[in-house]
Amino acid sequence: MAAFVRVSGPPNSNFLVGYPGISATLPRIEGKVEVRPSAGVSAAVNISLVTISLQRRETIHPSADSVTKRHLAAPRKEIADIVGKEMLLYRCPHGKDSESVLAMDLPFVIFIPYGRGGEEIARRVPPASLQLPNRTAETFYELVVTLQQGPSEQKKYAFPVPISRYDTLSTFGMYNRPESAERVTDHLVTLGISLPRWSYGPLDPVSVYIRLSPNAEWMKKASKVTIQKITVGIDEEITYNHEGDEPTRKVKQIAKTQQPVGVKMPEAGYFTNLGLVFPAKDTRDNDGIIPRGKKEFPMYAVNGFTTTGTLYKIEYSLTVKATMSGARDIVLRQPIVVCPYDHAGCKEEMEAIEQAAKDAAHVSPDNPMLPAAQIIKANEPHGLKALGVAIVGGQKKPLID
């Protein structure tokens, strides 16, 4: 007899508990697997084995954004692996092929890895769910329930679970320390930049303090240099197959601002402050309506963000270019982190993260204290009552308490 399988989360909350990427919150997926007869309310189902696992699927197709290359390039590359461990939820008694069951509620908790664990893949924090435009790269997660009915028949049921990462929030102290860098050209001019912080989300202001200073030992030559313009841009660099034999790099400028200067190099140097707004993707359609999101992917107001998967990685840098005459142009690249949430959104999450960490302090990963499984077998006297059915005059009728 075929079975109906469903995964439900805790009452009034999501499957996902805690914040992936933040180990103090013990990120985990909690819920229960419900097994019922699929045809006929009370037709018993034969069950041998029930397992559940969290599976990550990742695909790349670097040429998918080009109509001409799409058909000529290599096909889409795909991997699937299990995050954490597969959990055995039920196995029928030894010596039996299967157990005849009317209903099953099997609670489970899957802990999402949160250790940095170096090369040990099982310990690595899994990357966030993401789908780039034209599906050039995507990562998504599914809860996969495996149901074995008898010696040969095995079925898999997949339920998508969107997973976000919270370790790049722009409100964390490590991103709010000033970062600075310098570069020299022709021994004449030094370009120095300073960023007050270096994690940004959609529509966050990006401010850069820029300093051009002449070399005091070559002052006569340096004073003949003319600063023509200063350009600040944000570059997105996607490396496909970054761990493989032939990585493919694609760099795209996603924002740019320019300031014309047109002055000779002053003896004290030239100082300016340039700013731009980090670009955001409009989540609304042409009618101003936010469409229903896909089950596998959270709705982000950015196309991409800083992330590293097995088949691809996305990195960002802030590029400052000083265009000059009398000396070579200077280009300085400073790595930055891009978060899927804006600064205000990150602030709102901080309190909830603190609360989740307090709640997680009472949870033991070795013994998470799950509720008992409820299994109602076909021959139990009150089995039909559990399904909301009663026998009245030899016929099965809906049970009314």
# chains A, B, ... in the order shown; residues from 1 in each chain; ligands from 1

call {"tool": "residues_around", "arguments": {"residues": "Tyr209 (chain A)", "least_positions_apart": "4", "cutoff": "7 Å", "atoms": "only C-alpha atoms", "output": "PyMOL selection string"}}
result
chain A and resi 193-195+272-274

call {"tool": "select_by_dssp", "arguments": {"residues": "region 56-276 of chain A", "states": "strand (DSSP E or B)", "output": "count of residues only"}}
result
121

call {"tool": "residues_around", "arguments": {"residues": "Met104 (chain A)", "least_positions_apart": "4", "cutoff": "12 Å", "atoms": "only C-alpha atoms", "output": "PyMOL selection string"}}
result
chain A and resi 3-7+32-37+44-47+49-50+89-90+99-100+147+372-378+383+386-387

call {"tool": "atom_distance", "arguments": {"atom1": "CA of Leu106 (chain A)", "atom2": "CA of Thr51 (chain A)"}}
result
9.8 Å

call {"tool": "closest_residue", "arguments": {"among": "A:Ala356, A:Ala268, A:Met369, A:Val125", "to": "Thr25 (chain A)", "atoms": "only C-alpha atoms"}}
result
A:Ala356

call {"tool": "closest_residue", "arguments": {"among": "A:Gln154, A:Thr136, A:Ser23, A:Thr308", "to": "His61 (chain A)", "atoms": "only C-alpha atoms"}}
result
A:Thr136

call {"tool": "residues_around", "arguments": {"residues": "Lys221 (chain A)", "least_positions_apart": "5", "cutoff": "10 Å", "atoms": "only C-alpha atoms", "output": "PyMOL selection string"}}
result
chain A and resi 188+214-216+326-327

call {"tool": "write_last_selection", "arguments": {"atoms": "N, CA and C atoms", "output": "mmCIF file, in the first residue's frame"}}
result
data_model
loop_
_atom_site.group_PDB
_atom_site.id
_atom_site.type_symbol
_atom_site.label_atom_id
_atom_site.label_comp_id
_atom_site.auth_asym_id
_atom_site.auth_seq_id
_atom_site.Cartn_x
_atom_site.Cartn_y
_atom_site.Cartn_z
ATOM 1 N N LEU A 188 56.683 58.079 -7.563
ATOM 2 C CA LEU A 188 56.330 59.504 -7.477
ATOM 3 C C LEU A 188 55.123 59.760 -6.591
ATOM 4 N N PRO A 214 52.559 63.030 -2.789
ATOM 5 C CA PRO A 214 53.786 62.976 -3.603
ATOM 6 C C PRO A 214 54.949 62.430 -2.787
ATOM 7 N N ASN A 215 55.949 61.889 -3.489
ATOM 8 C CA ASN A 215 57.170 61.407 -2.838
ATOM 9 C C ASN A 215 58.047 62.629 -2.547
ATOM 10 N N ALA A 216 58.317 62.903 -1.268
ATOM 11 C CA ALA A 216 59.050 64.117 -0.860
ATOM 12 C C ALA A 216 60.455 64.159 -1.467
ATOM 13 N N GLY A 326 51.682 62.529 -16.419
ATOM 14 C CA GLY A 326 52.987 62.764 -15.807
ATOM 15 C C GLY A 326 53.402 61.601 -14.914
ATOM 16 N N ALA A 327 52.500 60.654 -14.691
ATOM 17 C CA ALA A 327 52.810 59.422 -13.937
ATOM 18 C C ALA A 327 51.783 58.372 -14.349
#

call {"tool": "select_by_dssp", "arguments": {"residues": "region 6-255 of chain A", "states": "alpha helix (DSSP H)", "output": "list in words"}}
result
Val67, Thr68, Lys69, Arg70, His71, Leu72, Met219, Lys220, Lys221 and Ala222 of chain A

call {"tool": "residues_around", "arguments": {"residues": "Ile110 (chain A)", "least_positions_apart": "2", "cutoff": "9 Å", "atoms": "only C-alpha atoms", "output": "mmCIF file with C-alpha atoms, in the first residue's frame"}}
result
data_model
loop_
_atom_site.group_PDB
_atom_site.id
_atom_site.type_symbol
_atom_site.label_atom_id
_atom_site.label_comp_id
_atom_site.auth_asym_id
_atom_site.auth_seq_id
_atom_site.Cartn_x
_atom_site.Cartn_y
_atom_site.Cartn_z
ATOM 1 C CA PRO A 27 21.891 25.819 13.935
ATOM 2 C CA ARG A 28 19.659 22.809 13.379
ATOM 3 C CA ILE A 29 16.589 21.561 11.545
ATOM 4 C CA GLU A 30 13.813 20.307 13.798
ATOM 5 C CA ILE A 52 15.994 11.452 6.822
ATOM 6 C CA SER A 53 18.941 13.509 5.636
ATOM 7 C CA LEU A 54 19.664 17.095 4.619
ATOM 8 C CA VAL A 83 25.071 17.768 5.138
ATOM 9 C CA GLY A 84 25.843 16.380 8.580
ATOM 10 C CA LYS A 85 24.610 12.805 8.997
ATOM 11 C CA GLU A 86 21.693 10.721 7.739
ATOM 12 C CA MET A 87 19.337 9.867 10.618
ATOM 13 C CA PHE A 108 14.052 14.389 14.261
ATOM 14 C CA ILE A 112 23.988 21.808 10.633
#

call {"tool": "closest_residue", "arguments": {"among": "A:Pro62, A:Gly244, A:Pro133, A:Gly262", "to": "Thr323 (chain A)", "atoms": "only C-alpha atoms"}}
result
A:Gly262

call {"tool": "residues_around", "arguments": {"residues": "Val363 (chain A)", "least_positions_apart": "3", "cutoff": "12 Å", "atoms": "only C-alpha atoms", "output": "PyMOL selection string"}}
result
chain A and resi 17-18+24-28+109+111+356-360+366-370

call {"tool": "write_last_selection", "arguments": {"atoms": "C-alpha atoms", "output": "compact mmCIF listing (two decimals), in the first residue's frame"}}
result
# COMPACT_ATOMS: atom_id res chain seq x y z
CA VAL A 17 16.22 26.79 14.35
CA GLY A 18 19.26 28.95 15.11
CA ALA A 24 26.66 29.72 19.51
CA THR A 25 23.08 29.32 18.18
CA LEU A 26 23.57 25.57 17.38
CA PRO A 27 21.89 25.82 13.93
CA ARG A 28 19.66 22.81 13.38
CA VAL A 109 16.76 17.02 14.67
CA PHE A 111 22.48 19.65 13.38
CA ALA A 356 18.84 32.02 19.90
CA ALA A 357 22.28 31.64 21.52
CA LYS A 358 20.66 31.70 25.01
CA ASP A 359 18.12 29.06 23.92
CA ALA A 360 20.87 26.90 22.40
CA ASP A 366 24.84 14.60 21.69
CA ASN A 367 21.43 14.19 23.32
CA PRO A 368 18.91 16.71 21.94
CA MET A 369 15.98 15.28 24.04
CA LEU A 370 13.55 14.57 21.21
